[in-house]
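K.L.:
Just one file: upload_23.pdb, with PDB, C-alpha atoms and all ligand atoms.
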ATOM      1  CA  MET A   1     113.829 130.135  94.633
ATOM      2  CA  LYS A   2     114.400 130.866  90.971
ATOM      3  CA  THR A   3     116.862 128.032  90.761
ATOM      4  CA  LEU A   4     118.875 127.651  87.625
ATOM      5  CA  LYS A   5     118.655 124.724  85.348
ATOM      6  CA  LYS A   6     120.945 123.787  82.507
ATOM      7  CA  ARG A   7     119.723 124.285  78.985
ATOM      8  CA  LYS A   8     119.922 120.767  77.612
ATOM      9  CA  TRP A   9     121.468 121.574  74.257
ATOM     10  CA  CYS A  10     124.162 123.782  75.828
ATOM     11  CA  ARG A  11     126.079 120.625  76.485
ATOM     12  CA  LEU A  12     126.036 119.941  72.734
ATOM     13  CA  LEU A  13     126.882 123.486  71.671
ATOM     14  CA  PRO A  14     129.558 124.632  74.089
ATOM     15  CA  ALA A  15     130.453 127.480  71.702
ATOM     16  CA  LEU A  16     127.365 129.350  72.914
ATOM     17  CA  THR A  17     129.001 129.894  76.265
ATOM     18  CA  ILE A  18     127.650 133.380  76.979
ATOM     19  CA  PHE A  19     124.095 132.430  76.115
ATOM     20  CA  CYS A  20     124.389 129.200  78.014
ATOM     21  CA  SER A  21     125.623 130.924  81.134
ATOM     22  CA  LEU A  22     122.361 132.863  81.413
ATOM     23  CA  PRO A  23     120.008 131.460  84.065
ATOM     24  CA  VAL A  24     116.722 129.920  83.122
ATOM     25  CA  MET A  25     113.786 130.371  85.466
ATOM     26  CA  ALA A  26     112.717 127.059  86.893
ATOM     27  CA  THR A  27     109.067 126.557  86.058
ATOM     28  CA  GLN A  28     106.217 124.866  87.843
ATOM     29  CA  ASP A  29     106.704 121.754  85.697
ATOM     30  CA  TRP A  30     110.430 121.665  86.298
ATOM     31  CA  TRP A  31     109.882 121.668  90.063
ATOM     32  CA  GLN A  32     107.241 118.972  89.759
ATOM     33  CA  THR A  33     109.750 116.798  87.924
ATOM     34  CA  GLU A  34     112.278 117.474  90.688
ATOM     35  CA  ALA A  35     109.694 116.456  93.306
ATOM     36  CA  GLU A  36     108.843 113.295  91.397
ATOM     37  CA  ARG A  37     112.516 112.417  91.178
ATOM     38  CA  ALA A  38     113.005 113.017  94.919
ATOM     39  CA  ALA A  39     109.962 110.848  95.672
ATOM     40  CA  GLY A  40     111.596 107.803  94.030
ATOM     41  CA  ASP A  41     109.572 104.638  94.474
ATOM     42  CA  ASP A  42     108.920 104.920  98.191
ATOM     43  CA  LEU A  43     107.527 108.457  98.654
ATOM     44  CA  VAL A  44     105.080 108.653  95.744
ATOM     45  CA  PRO A  45     102.005 109.383  97.947
ATOM     46  CA  LEU A  46     103.832 112.453  99.282
ATOM     47  CA  TYR A  47     104.409 113.721  95.749
ATOM     48  CA  HIS A  48     100.674 113.405  95.133
ATOM     49  CA  LYS A  49      99.784 115.112  98.380
ATOM     50  CA  TYR A  50     101.997 118.152  97.879
ATOM     51  CA  CYS A  51     102.293 118.516  94.105
ATOM     52  CA  LYS A  52      98.843 117.340  93.026
ATOM     53  CA  THR A  53      96.761 119.030  95.694
ATOM     54  CA  GLY A  54      93.437 117.296  96.098
ATOM     55  CA  GLU A  55      94.605 114.115  94.387
ATOM     56  CA  ARG A  56      94.950 111.418  97.021
ATOM     57  CA  GLN A  57      96.935 108.285  96.497
ATOM     58  CA  PHE A  58      95.814 105.201  98.299
ATOM     59  CA  GLN A  59      97.377 104.767 101.708
ATOM     60  CA  PRO A  60      96.734 101.836 104.041
ATOM     61  CA  GLU A  61      94.372 102.518 106.938
ATOM     62  CA  LEU A  62      95.886 103.230 110.307
ATOM     63  CA  PRO A  63      95.546 100.610 113.026
ATOM     64  CA  ALA A  64      92.454 101.239 115.186
ATOM     65  CA  ASN A  65      94.487 101.412 118.390
ATOM     66  CA  ALA A  66      97.531 103.288 119.642
ATOM     67  CA  PHE A  67     100.805 101.547 118.835
ATOM     68  CA  TYR A  68     104.525 101.751 119.530
ATOM     69  CA  VAL A  69     106.578 103.027 116.607
ATOM     70  CA  PHE A  70     109.826 103.050 118.559
ATOM     71  CA  ASP A  71     110.689 101.880 122.068
ATOM     72  CA  ASN A  72     110.059 105.425 123.346
ATOM     73  CA  LEU A  73     107.576 106.719 120.748
ATOM     74  CA  ILE A  74     103.865 105.958 120.468
ATOM     75  CA  PHE A  75     101.397 106.915 117.754
ATOM     76  CA  LEU A  76      98.086 108.131 119.218
ATOM     77  CA  GLY A  77      96.290 109.639 116.253
ATOM     78  CA  TYR A  78      93.850 108.628 113.560
ATOM     79  CA  GLU A  79      93.280 109.347 109.852
ATOM     80  CA  ARG A  80      93.156 113.119 110.275
ATOM     81  CA  TRP A  81      95.796 113.929 112.889
ATOM     82  CA  ASN A  82      98.849 112.521 114.536
ATOM     83  CA  SER A  83      99.531 112.934 118.187
ATOM     84  CA  TRP A  84     102.852 111.475 119.336
ATOM     85  CA  ALA A  85     103.851 110.439 122.833
ATOM     86  CA  LEU A  86     107.552 110.431 123.651
ATOM     87  CA  LEU A  87     108.250 108.378 126.776
ATOM     88  CA  ASN A  88     110.872 109.799 129.072
ATOM     89  CA  ASN A  89     111.371 107.752 132.210
ATOM     90  CA  GLU A  90     108.416 108.681 134.422
ATOM     91  CA  GLN A  91     107.221 111.414 132.074
ATOM     92  CA  ILE A  92     105.242 111.454 128.849
ATOM     93  CA  ILE A  93     105.740 114.287 126.388
ATOM     94  CA  ILE A  94     102.855 114.769 123.947
ATOM     95  CA  PHE A  95     103.303 116.415 120.546
ATOM     96  CA  ASP A  96     100.009 117.974 119.389
ATOM     97  CA  ALA A  97      96.703 117.368 121.098
ATOM     98  CA  MET A  98      94.034 116.592 118.452
ATOM     99  CA  GLU A  99      91.141 118.875 117.498
ATOM    100  CA  THR A 100      88.817 118.604 120.503
ATOM    101  CA  GLU A 101      88.848 117.515 124.119
ATOM    102  CA  LYS A 102      86.663 114.553 123.162
ATOM    103  CA  GLU A 103      89.304 113.387 120.671
ATOM    104  CA  ALA A 104      92.095 113.924 123.195
ATOM    105  CA  ARG A 105      90.201 111.737 125.651
ATOM    106  CA  LYS A 106      89.644 109.013 123.062
ATOM    107  CA  TYR A 107      92.993 108.960 121.271
ATOM    108  CA  ILE A 108      95.515 110.327 123.775
ATOM    109  CA  ILE A 109      94.212 109.308 127.195
ATOM    110  CA  ASP A 110      92.504 106.049 126.224
ATOM    111  CA  GLY A 111      95.318 105.301 123.774
ATOM    112  CA  LEU A 112      97.931 105.441 126.534
ATOM    113  CA  VAL A 113      95.735 103.371 128.867
ATOM    114  CA  SER A 114      95.310 100.714 126.146
ATOM    115  CA  LEU A 115      99.090 100.248 126.195
ATOM    116  CA  GLY A 116      99.208  99.995 129.977
ATOM    117  CA  LEU A 117     100.542 103.527 130.470
ATOM    118  CA  GLU A 118      99.375 106.054 133.019
ATOM    119  CA  PRO A 119      98.111 109.288 131.368
ATOM    120  CA  SER A 120      98.687 111.233 134.596
ATOM    121  CA  LYS A 121     102.377 111.016 133.664
ATOM    122  CA  ILE A 122     101.799 113.449 130.799
ATOM    123  CA  SER A 123     104.209 116.204 131.812
ATOM    124  CA  HIS A 124     104.417 118.358 128.671
ATOM    125  CA  VAL A 125     102.217 119.064 125.666
ATOM    126  CA  VAL A 126     104.049 120.628 122.732
ATOM    127  CA  ILE A 127     101.835 122.523 120.284
ATOM    128  CA  MET A 128     103.697 122.379 116.984
ATOM    129  CA  HIS A 129     101.506 125.111 115.526
ATOM    130  CA  GLY A 130      98.642 127.143 116.916
ATOM    131  CA  HIS A 131      95.739 125.916 114.813
ATOM    132  CA  GLY A 132      92.745 124.477 116.646
ATOM    133  CA  ASP A 133      93.112 121.032 115.091
ATOM    134  CA  HIS A 134      96.461 120.694 116.873
ATOM    135  CA  PHE A 135      95.837 122.390 120.239
ATOM    136  CA  GLY A 136      92.151 121.424 120.683
ATOM    137  CA  GLY A 137      92.664 118.842 123.438
ATOM    138  CA  ALA A 138      95.640 120.476 125.187
ATOM    139  CA  ALA A 139      93.521 122.323 127.780
ATOM    140  CA  LEU A 140      92.056 118.986 128.896
ATOM    141  CA  LEU A 141      95.525 117.503 129.518
ATOM    142  CA  GLN A 142      96.504 120.718 131.297
ATOM    143  CA  ARG A 143      93.424 120.550 133.535
ATOM    144  CA  LEU A 144      93.484 116.832 134.286
ATOM    145  CA  PHE A 145      97.198 116.185 134.650
ATOM    146  CA  ASN A 146      98.714 119.605 135.229
ATOM    147  CA  ALA A 147     100.692 119.115 132.009
ATOM    148  CA  GLU A 148     102.806 122.074 130.927
ATOM    149  CA  VAL A 149     101.647 123.331 127.528
ATOM    150  CA  MET A 150     104.402 124.704 125.305
ATOM    151  CA  ALA A 151     104.252 126.710 122.071
ATOM    152  CA  SER A 152     106.126 129.508 120.335
ATOM    153  CA  GLU A 153     105.348 133.098 121.350
ATOM    154  CA  ALA A 154     103.828 133.920 117.942
ATOM    155  CA  ASP A 155     101.504 130.931 118.127
ATOM    156  CA  TRP A 156     100.506 131.679 121.736
ATOM    157  CA  GLN A 157      99.364 135.000 120.297
ATOM    158  CA  LEU A 158      97.543 133.224 117.487
ATOM    159  CA  MET A 159      95.783 130.961 120.001
ATOM    160  CA  ASP A 160      94.830 134.031 122.013
ATOM    161  CA  VAL A 161      93.214 135.627 118.945
ATOM    162  CA  THR A 162      91.417 132.334 118.296
ATOM    163  CA  ARG A 163      89.915 132.405 121.806
ATOM    164  CA  THR A 164      87.224 134.951 120.891
ATOM    165  CA  LEU A 165      86.506 133.905 117.308
ATOM    166  CA  LYS A 166      83.684 131.485 118.103
ATOM    167  CA  GLU A 167      81.610 134.260 119.705
ATOM    168  CA  ARG A 168      82.377 136.736 116.959
ATOM    169  CA  TYR A 169      81.933 134.418 113.978
ATOM    170  CA  PRO A 170      79.675 131.565 115.170
ATOM    171  CA  ASP A 171      78.696 130.458 111.654
ATOM    172  CA  GLN A 172      82.102 130.528 109.946
ATOM    173  CA  GLU A 173      84.763 127.871 109.689
ATOM    174  CA  HIS A 174      87.555 130.329 108.881
ATOM    175  CA  VAL A 175      88.087 134.069 109.080
ATOM    176  CA  ILE A 176      90.696 136.214 107.402
ATOM    177  CA  ILE A 177      92.468 138.533 109.850
ATOM    178  CA  ASP A 178      95.254 140.775 108.509
ATOM    179  CA  GLY A 179      95.208 138.707 105.330
ATOM    180  CA  VAL A 180      95.781 135.436 107.184
ATOM    181  CA  ARG A 181      93.233 132.630 107.317
ATOM    182  CA  ILE A 182      92.487 131.498 110.886
ATOM    183  CA  LYS A 183      90.258 128.572 111.852
ATOM    184  CA  VAL A 184      87.264 129.381 114.060
ATOM    185  CA  PRO A 185      87.243 126.914 116.989
ATOM    186  CA  VAL A 186      84.907 123.964 116.646
ATOM    187  CA  ALA A 187      82.668 122.821 119.505
ATOM    188  CA  GLY A 188      84.609 121.137 122.299
ATOM    189  CA  GLN A 189      87.863 122.918 121.505
ATOM    190  CA  THR A 190      89.397 125.014 124.272
ATOM    191  CA  VAL A 191      92.417 127.283 124.077
ATOM    192  CA  PRO A 192      94.940 126.196 126.747
ATOM    193  CA  GLU A 193      96.353 128.601 129.333
ATOM    194  CA  LYS A 194      99.762 129.927 128.407
ATOM    195  CA  ASN A 195     102.465 127.971 130.262
ATOM    196  CA  ARG A 196     105.800 127.958 128.481
ATOM    197  CA  VAL A 197     107.244 129.680 125.402
ATOM    198  CA  ILE A 198     109.518 127.675 123.120
ATOM    199  CA  SER A 199     112.108 129.810 121.368
ATOM    200  CA  ASP A 200     114.313 129.015 118.398
ATOM    201  CA  GLY A 201     117.180 126.718 119.387
ATOM    202  CA  SER A 202     115.724 125.789 122.784
ATOM    203  CA  SER A 203     115.726 122.224 124.020
ATOM    204  CA  LEU A 204     113.946 119.820 126.342
ATOM    205  CA  TYR A 205     115.841 117.083 128.142
ATOM    206  CA  THR A 206     114.974 113.411 127.742
ATOM    207  CA  ILE A 207     117.021 110.417 128.831
ATOM    208  CA  ALA A 208     117.508 109.421 125.185
ATOM    209  CA  GLY A 209     118.876 112.889 124.323
ATOM    210  CA  ASP A 210     117.636 116.469 124.073
ATOM    211  CA  ILE A 211     114.650 117.435 121.949
ATOM    212  CA  LEU A 212     115.740 120.431 119.872
ATOM    213  CA  PHE A 213     113.215 123.040 118.781
ATOM    214  CA  TYR A 214     113.364 125.434 115.858
ATOM    215  CA  LEU A 215     111.052 128.202 114.712
ATOM    216  CA  THR A 216     109.977 127.412 111.162
ATOM    217  CA  PRO A 217     107.362 130.035 110.224
ATOM    218  CA  GLY A 218     105.208 129.645 107.142
ATOM    219  CA  HIS A 219     102.167 127.534 107.912
ATOM    220  CA  THR A 220     101.701 129.865 110.908
ATOM    221  CA  ALA A 221     103.953 132.673 112.109
ATOM    222  CA  GLY A 222     105.201 130.528 114.976
ATOM    223  CA  THR A 223     105.253 126.998 113.595
ATOM    224  CA  LEU A 224     107.731 124.841 115.496
ATOM    225  CA  SER A 225     109.797 121.985 114.179
ATOM    226  CA  ALA A 226     111.754 119.541 116.277
ATOM    227  CA  ILE A 227     114.575 117.040 116.151
ATOM    228  CA  LEU A 228     113.997 114.313 118.708
ATOM    229  CA  PRO A 229     115.691 111.085 119.781
ATOM    230  CA  VAL A 230     113.927 107.759 119.252
ATOM    231  CA  THR A 231     115.232 104.367 120.268
ATOM    232  CA  ASP A 232     115.000 100.943 118.685
ATOM    233  CA  SER A 233     116.661  97.948 120.365
ATOM    234  CA  ASN A 234     118.968 100.188 122.405
ATOM    235  CA  LYS A 235     120.057 102.226 119.405
ATOM    236  CA  THR A 236     119.183 105.924 119.250
ATOM    237  CA  TYR A 237     118.170 107.643 116.030
ATOM    238  CA  LEU A 238     117.106 111.212 115.352
ATOM    239  CA  ALA A 239     113.662 112.028 113.999
ATOM    240  CA  GLY A 240     112.791 115.243 112.181
ATOM    241  CA  PHE A 241     109.351 116.695 112.790
ATOM    242  CA  PHE A 242     108.432 119.628 110.539
ATOM    243  CA  GLY A 243     105.466 121.189 112.333
ATOM    244  CA  GLY A 244     103.293 122.661 109.564
ATOM    245  CA  THR A 245     102.450 121.168 106.202
ATOM    246  CA  GLY A 246      99.684 122.993 104.272
ATOM    247  CA  PHE A 247     100.784 125.893 102.094
ATOM    248  CA  THR A 248      97.692 126.706 100.037
ATOM    249  CA  ALA A 249      95.714 128.782 102.589
ATOM    250  CA  PRO A 250      95.268 132.480 101.721
ATOM    251  CA  GLY A 251      97.887 134.686 103.328
ATOM    252  CA  THR A 252     100.522 131.945 103.633
ATOM    253  CA  PRO A 253     103.911 133.646 103.175
ATOM    254  CA  LEU A 254     105.306 131.179 100.662
ATOM    255  CA  ASP A 255     108.862 132.508 100.532
ATOM    256  CA  VAL A 256     109.095 132.399 104.323
ATOM    257  CA  PHE A 257     107.682 128.857 104.305
ATOM    258  CA  LEU A 258     110.229 127.738 101.717
ATOM    259  CA  SER A 259     113.173 129.229 103.558
ATOM    260  CA  SER A 260     112.022 127.520 106.798
ATOM    261  CA  LEU A 261     111.871 124.202 104.958
ATOM    262  CA  ASN A 262     115.311 124.722 103.463
ATOM    263  CA  ARG A 263     116.699 125.674 106.849
ATOM    264  CA  PHE A 264     115.219 122.553 108.441
ATOM    265  CA  LYS A 265     116.614 120.522 105.565
ATOM    266  CA  SER A 266     120.126 121.700 106.319
ATOM    267  CA  LEU A 267     119.711 121.356 110.120
ATOM    268  CA  THR A 268     118.499 117.773 109.740
ATOM    269  CA  ALA A 269     121.317 116.988 107.294
ATOM    270  CA  ASP A 270     123.892 118.316 109.789
ATOM    271  CA  LYS A 271     122.404 116.315 112.636
ATOM    272  CA  GLU A 272     122.030 113.150 110.527
ATOM    273  CA  VAL A 273     118.269 112.812 110.943
ATOM    274  CA  VAL A 274     116.830 109.578 109.561
ATOM    275  CA  VAL A 275     113.182 109.324 110.746
ATOM    276  CA  PRO A 276     110.304 111.375 109.251
ATOM    277  CA  LEU A 277     107.536 112.537 111.578
ATOM    278  CA  SER A 278     104.637 114.874 110.971
ATOM    279  CA  ASN A 279     101.361 115.913 112.540
ATOM    280  CA  HIS A 280      99.239 114.424 109.747
ATOM    281  CA  PRO A 281      99.451 110.742 108.768
ATOM    282  CA  THR A 282      99.313 111.660 105.086
ATOM    283  CA  SER A 283     102.437 113.791 105.543
ATOM    284  CA  ASP A 284     104.720 111.132 106.997
ATOM    285  CA  LEU A 285     102.916 108.077 105.571
ATOM    286  CA  THR A 286     102.206 106.677 109.038
ATOM    287  CA  GLY A 287      99.559 104.263 107.690
ATOM    288  CA  LEU A 288     101.913 102.725 105.154
ATOM    289  CA  ARG A 289     104.762 102.434 107.643
ATOM    290  CA  ALA A 290     102.480 101.063 110.377
ATOM    291  CA  LYS A 291     101.453  98.254 108.047
ATOM    292  CA  GLN A 292     105.099  97.486 107.283
ATOM    293  CA  LEU A 293     105.915  97.709 110.989
ATOM    294  CA  SER A 294     103.260  95.135 111.886
ATOM    295  CA  GLY A 295     104.908  92.654 109.504
ATOM    296  CA  ARG A 296     108.447  93.443 110.637
ATOM    297  CA  LYS A 297     110.571  90.393 111.371
ATOM    298  CA  LYS A 298     112.688  90.296 114.513
ATOM    299  CA  ASN A 299     115.680  92.592 113.891
ATOM    300  CA  GLY A 300     114.352  93.278 110.390
ATOM    301  CA  PRO A 301     114.595  96.770 108.869
ATOM    302  CA  HIS A 302     112.508  99.379 110.646
ATOM    303  CA  PRO A 303     110.134 101.058 108.117
ATOM    304  CA  PHE A 304     110.459 104.483 109.769
ATOM    305  CA  LEU A 305     114.238 104.475 109.348
ATOM    306  CA  LEU A 306     114.744 106.108 105.955
ATOM    307  CA  GLY A 307     118.443 106.812 106.328
ATOM    308  CA  GLN A 308     119.882 110.275 105.810
ATOM    309  CA  GLU A 309     119.424 110.195 102.066
ATOM    310  CA  GLY A 310     115.795 109.089 102.447
ATOM    311  CA  TYR A 311     115.042 111.770 105.015
ATOM    312  CA  GLN A 312     116.492 114.497 102.801
ATOM    313  CA  ARG A 313     114.427 113.223  99.847
ATOM    314  CA  PHE A 314     111.386 113.305 102.139
ATOM    315  CA  LEU A 315     111.894 117.049 102.688
ATOM    316  CA  SER A 316     112.877 117.624  99.042
ATOM    317  CA  VAL A 317     109.526 116.318  97.791
ATOM    318  CA  PHE A 318     107.845 118.842 100.066
ATOM    319  CA  SER A 319     110.114 121.796  99.159
ATOM    320  CA  SER A 320     110.072 121.056  95.418
ATOM    321  CA  CYS A 321     106.263 120.901  95.385
ATOM    322  CA  LEU A 322     106.151 124.175  97.305
ATOM    323  CA  SER A 323     108.538 125.722  94.769
ATOM    324  CA  SER A 324     106.293 124.419  92.001
ATOM    325  CA  TYR A 325     103.290 126.062  93.684
ATOM    326  CA  ILE A 326     105.212 129.332  94.011
ATOM    327  CA  ASN A 327     106.047 129.226  90.293
ATOM    328  CA  LYS A 328     102.455 128.547  89.293
ATOM    329  CA  GLU A 329     101.304 130.708  86.384
TER     330      GLU A 329
HETATM  331 ZN    ZN A 401      97.422 124.041 110.526
END
Would you put the structure from the file into structure tokens?
Ligand SMILES: [Zn+2]

P.N.:
Amino acid sequence: MKTLKKRKWCRLLPALTIFCSLPVMATQDWWQTEAERAAGDDLVPLYHKYCKTGERQFQPELPANAFYVFDNLIFLGYERWNSWALLNNEQIIIFDAMETEKEARKYIIDGLVSLGLEPSKISHVVIMHGHGDHFGGAALLQRLFNAEVMASEADWQLMDVTRTLKERYPDQEHVIIDGVRIKVPVAGQTVPEKNRVISDGSSLYTIAGDILFYLTPGHTAGTLSAILPVTDSNKTYLAGFFGGTGFTAPGTPLDVFLSSLNRFKSLTADKEVVVPLSNHPTSDLTGLRAKQLSGRKKNGPHPFLLGQEGYQRFLSVFSSCLSSYINKE
């Protein structure tokens, strides 16, 4: 990650070739400038989120109700978490399941009903990473609808460890186990029964195209990321969903996190991904895009379609801010 940068005045003094060929360590500031550049005019709130931790830029509020983002993709979350529903013929595939069963009932089940959809069609629940605020409502969907819950092996293990934490540490929000910070379950959060393991490179069929899964450790040891097909007026586009965003928790293996991000960057470049998705609205700017979407003219530009260049900049803001954090004095 110690990327080289050119010494400015080397261009003016080419005679100093040996000196100028020596690498310069990229500093925290240098990476911040890179992130700012990648953010351009349209991704500034992301720069603030990742590079200026704790400094929040204004983002429009999310609509109060569930809404279609694409013909086959529905947003079911609220300010804190995203849950996405991918419609596949008679099935509904859910990505992340909120923090508690109560939230899953309110945002996922009632959200689908509000759009005239039948929640009993929920066939799969993908847990993008095994923290309670993403799996909390999965057991409810498993119980009510016999939905198959899917996660990576490492994060099934993490969820299993989490199962007993509430009894052991009733008054703590987090515990550190083997140097890694793990959230203690909140009330109303149940660990789902283990159904299916998602491995690196595996896929799940949908009529619009396969969902492709990749292991991208960092935020947790088994964080998943996905490339999935979304449709708009009979055209199919690929969305990139990087499954873990925070990198400041104690024990986060930053180098591993960065190489996962870089790997996902090159996978999404190869596959020509153009739509950013995340499991927090502040990480994919859902509020901002939802507002633009509500004012979209018939056949006007879709605010979630960033183009390949835009999608790569979206990941570059993230990776440059992470590099800046790694290079912190
Ligand atoms: Zn998390």

K.L.:
Taking 3 positions as the minimum chain separation for residues in the same chain, which residues sit within 9 Å of Asn327 (chain A) when counting only C-alpha atoms? Answer as a PyMOL selection string.

P.N.:
chain A and resi 1-2+26-29+31+322-324

K.L.:
Which residues of chain A have any atom within 7 Å of an atom in ligand ZN 401 (chain A) when counting all atoms listed in the file, and what is the closest pair of atoms for each, with the distance in Å to one decimal? Order the rows by chain and rising number and write it as JSON lines.

P.N.:
{"residue": "A:His129", "atom": "CA", "partner": "A:ZN401", "partner_atom": "ZN", "distance": 6.5}
{"residue": "A:His131", "atom": "CA", "partner": "A:ZN401", "partner_atom": "ZN", "distance": 5.0}
{"residue": "A:Asp133", "atom": "CA", "partner": "A:ZN401", "partner_atom": "ZN", "distance": 7.0}
{"residue": "A:His219", "atom": "CA", "partner": "A:ZN401", "partner_atom": "ZN", "distance": 6.4}
{"residue": "A:Gly244", "atom": "CA", "partner": "A:ZN401", "partner_atom": "ZN", "distance": 6.1}
{"residue": "A:Gly246", "atom": "CA", "partner": "A:ZN401", "partner_atom": "ZN", "distance": 6.7}

K.L.:
Residues picked by the PyMOL selection byres (((chain A and resi 223-238) around 8) and not hetatm) here, as a compact mmCIF listing (two decimals) with C-alpha atoms, in the coordinates of the input?

P.N.:
# COMPACT_ATOMS: atom_id res chain seq x y z
CA PHE A 70 109.83 103.05 118.56
CA ASP A 71 110.69 101.88 122.07
CA ASN A 72 110.06 105.42 123.35
CA LEU A 73 107.58 106.72 120.75
CA ILE A 127 101.84 122.52 120.28
CA MET A 128 103.70 122.38 116.98
CA HIS A 129 101.51 125.11 115.53
CA GLY A 130 98.64 127.14 116.92
CA ALA A 151 104.25 126.71 122.07
CA SER A 152 106.13 129.51 120.34
CA ASP A 155 101.50 130.93 118.13
CA ALA A 208 117.51 109.42 125.18
CA GLY A 209 118.88 112.89 124.32
CA ASP A 210 117.64 116.47 124.07
CA ILE A 211 114.65 117.44 121.95
CA LEU A 212 115.74 120.43 119.87
CA PHE A 213 113.22 123.04 118.78
CA TYR A 214 113.36 125.43 115.86
CA LEU A 215 111.05 128.20 114.71
CA THR A 216 109.98 127.41 111.16
CA PRO A 217 107.36 130.04 110.22
CA GLY A 218 105.21 129.65 107.14
CA HIS A 219 102.17 127.53 107.91
CA THR A 220 101.70 129.86 110.91
CA ALA A 221 103.95 132.67 112.11
CA GLY A 222 105.20 130.53 114.98
CA ALA A 239 113.66 112.03 114.00
CA GLY A 240 112.79 115.24 112.18
CA PHE A 241 109.35 116.70 112.79
CA PHE A 242 108.43 119.63 110.54
CA GLY A 243 105.47 121.19 112.33
CA GLY A 244 103.29 122.66 109.56
CA PHE A 264 115.22 122.55 108.44
CA THR A 268 118.50 117.77 109.74
CA LYS A 271 122.40 116.32 112.64
CA GLU A 272 122.03 113.15 110.53
CA VAL A 273 118.27 112.81 110.94
CA VAL A 274 116.83 109.58 109.56
CA VAL A 275 113.18 109.32 110.75

K.L.:
Please write the residues picked by the PyMOL selection byres (((chain A and resi 76) around 10) and not hetatm) on this file as an MDAnalysis selection string.

P.N.:
chainID A and resid 64:68 73:75 77:78 81:85 94:95 97:98 104 106:112

K.L.:
Please compute the CA of Phe145 (chain A)-CA of Tyr205 (chain A) distance, one decimal, in Å.

P.N.:
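CA of Phe145 (chain A) sits 19.8 Å away from CA of Tyr205 (chain A).
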
K.L.:
Which residue, A:Ile122, A:Gly295, A:Val180, A:Leu144, has the smallest gap to Pro253 (chain A) when you use only C-alpha atoms?

P.N.:
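Of A:Ile122, A:Gly295, A:Val180, A:Leu144, the one nearest Pro253 (chain A), counting only C-alpha atoms, is A:Val180.
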
K.L.:
To verify the selection step, state as a list in words which residues the PyMOL selection byres (((chain A and resi 92) around 8) and not hetatm) yields on this input.

P.N.:
Ala85, Leu86, Leu87, Asn88, Asn89, Glu90, Gln91, Ile93, Ile94, Pro119, Lys121, Ile122, Ser123 and His124 of chain A

K.L.:
Which distance in Å separates CA of Ser203 (chain A) and CA of Pro185 (chain A), to one decimal?

P.N.:
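Separation between CA of Ser203 (chain A) and CA of Pro185 (chain A): 29.7 Å.
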
K.L.:
Here is a test: counting only C-alpha atoms, which residue of A:Pro276, A:Gly201, A:Pro192, A:Gly251 is nearest to Asp160 (chain A)?

P.N.:
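The closest residue to Asp160 (chain A) is A:Pro192.
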
K.L.:
I'd like to know which of A:Glu173, A:Leu43, A:Ile182, A:Gln292 is closest to Gln312 (chain A), using all atoms listed in the file.

P.N.:
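Closest to Gln312 (chain A), using all atoms listed in the file: A:Leu43.
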
K.L.:
Please compute the CA of Val161 (chain A)-CA of Phe318 (chain A) distance, one decimal, in Å.

P.N.:
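It comes out at 29.2 Å.
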
K.L.:
Report as a ChimeraX atom specification all protein, DNA and RNA residues lying within 12 Å of Arg196 (chain A), evaluated on all atoms listed in the file, omitting residues in the same chain fewer than 2 positions from it.

P.N.:
/A:124-127,147-153,155-156,192-194,198-199,202,204

K.L.:
Include C-alpha atoms and write out the residues we just selected as an mmCIF file, in the frame of the given file.

P.N.:
data_model
loop_
_atom_site.group_PDB
_atom_site.id
_atom_site.type_symbol
_atom_site.label_atom_id
_atom_site.label_comp_id
_atom_site.auth_asym_id
_atom_site.auth_seq_id
_atom_site.Cartn_x
_atom_site.Cartn_y
_atom_site.Cartn_z
ATOM 1 C CA HIS A 124 104.417 118.358 128.671
ATOM 2 C CA VAL A 125 102.217 119.064 125.666
ATOM 3 C CA VAL A 126 104.049 120.628 122.732
ATOM 4 C CA ILE A 127 101.835 122.523 120.284
ATOM 5 C CA ALA A 147 100.692 119.115 132.009
ATOM 6 C CA GLU A 148 102.806 122.074 130.927
ATOM 7 C CA VAL A 149 101.647 123.331 127.528
ATOM 8 C CA MET A 150 104.402 124.704 125.305
ATOM 9 C CA ALA A 151 104.252 126.710 122.071
ATOM 10 C CA SER A 152 106.126 129.508 120.335
ATOM 11 C CA GLU A 153 105.348 133.098 121.350
ATOM 12 C CA ASP A 155 101.504 130.931 118.127
ATOM 13 C CA TRP A 156 100.506 131.679 121.736
ATOM 14 C CA PRO A 192 94.940 126.196 126.747
ATOM 15 C CA GLU A 193 96.353 128.601 129.333
ATOM 16 C CA LYS A 194 99.762 129.927 128.407
ATOM 17 C CA ILE A 198 109.518 127.675 123.120
ATOM 18 C CA SER A 199 112.108 129.810 121.368
ATOM 19 C CA SER A 202 115.724 125.789 122.784
ATOM 20 C CA LEU A 204 113.946 119.820 126.342
#

K.L.:
Please determine, counting only C-alpha atoms, which residue among A:Leu285, A:Leu315, A:Ala290, A:Leu46 has the shortest atom-to-atom distance to Arg80 (chain A).

P.N.:
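Ranked by minimum distance to Arg80 (chain A), first place goes to A:Leu285.
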
K.L.:
Please determine, counting only C-alpha atoms, which residue among A:Leu254, A:Ala35, A:Leu140, A:Val317 has the shortest atom-to-atom distance to Gln189 (chain A).

P.N.:
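Of the candidates, the smallest distance to Gln189 (chain A) is held by A:Leu140.
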
K.L.:
Between A:Tyr325, A:Asp270, A:Val184, A:Pro303, which residue has the minimum interatomic distance to Thr252 (chain A), considering only C-alpha atoms?

P.N.:
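Between A:Tyr325, A:Asp270, A:Val184, A:Pro303, the residue approaching Thr252 (chain A) most closely is A:Tyr325.
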
K.L.:
Find the smallest box with edges along x, y and z containing every listed atom of region 244-250 of chain A, then add 8 Å on each side and report centre and edge lengths in Å to one decimal, as AutoDock Vina command-line options.

P.N.:
--center_x 99.3 --center_y 126.8 --center_z 104.8 --size_x 24.0 --size_y 27.3 --size_z 25.5
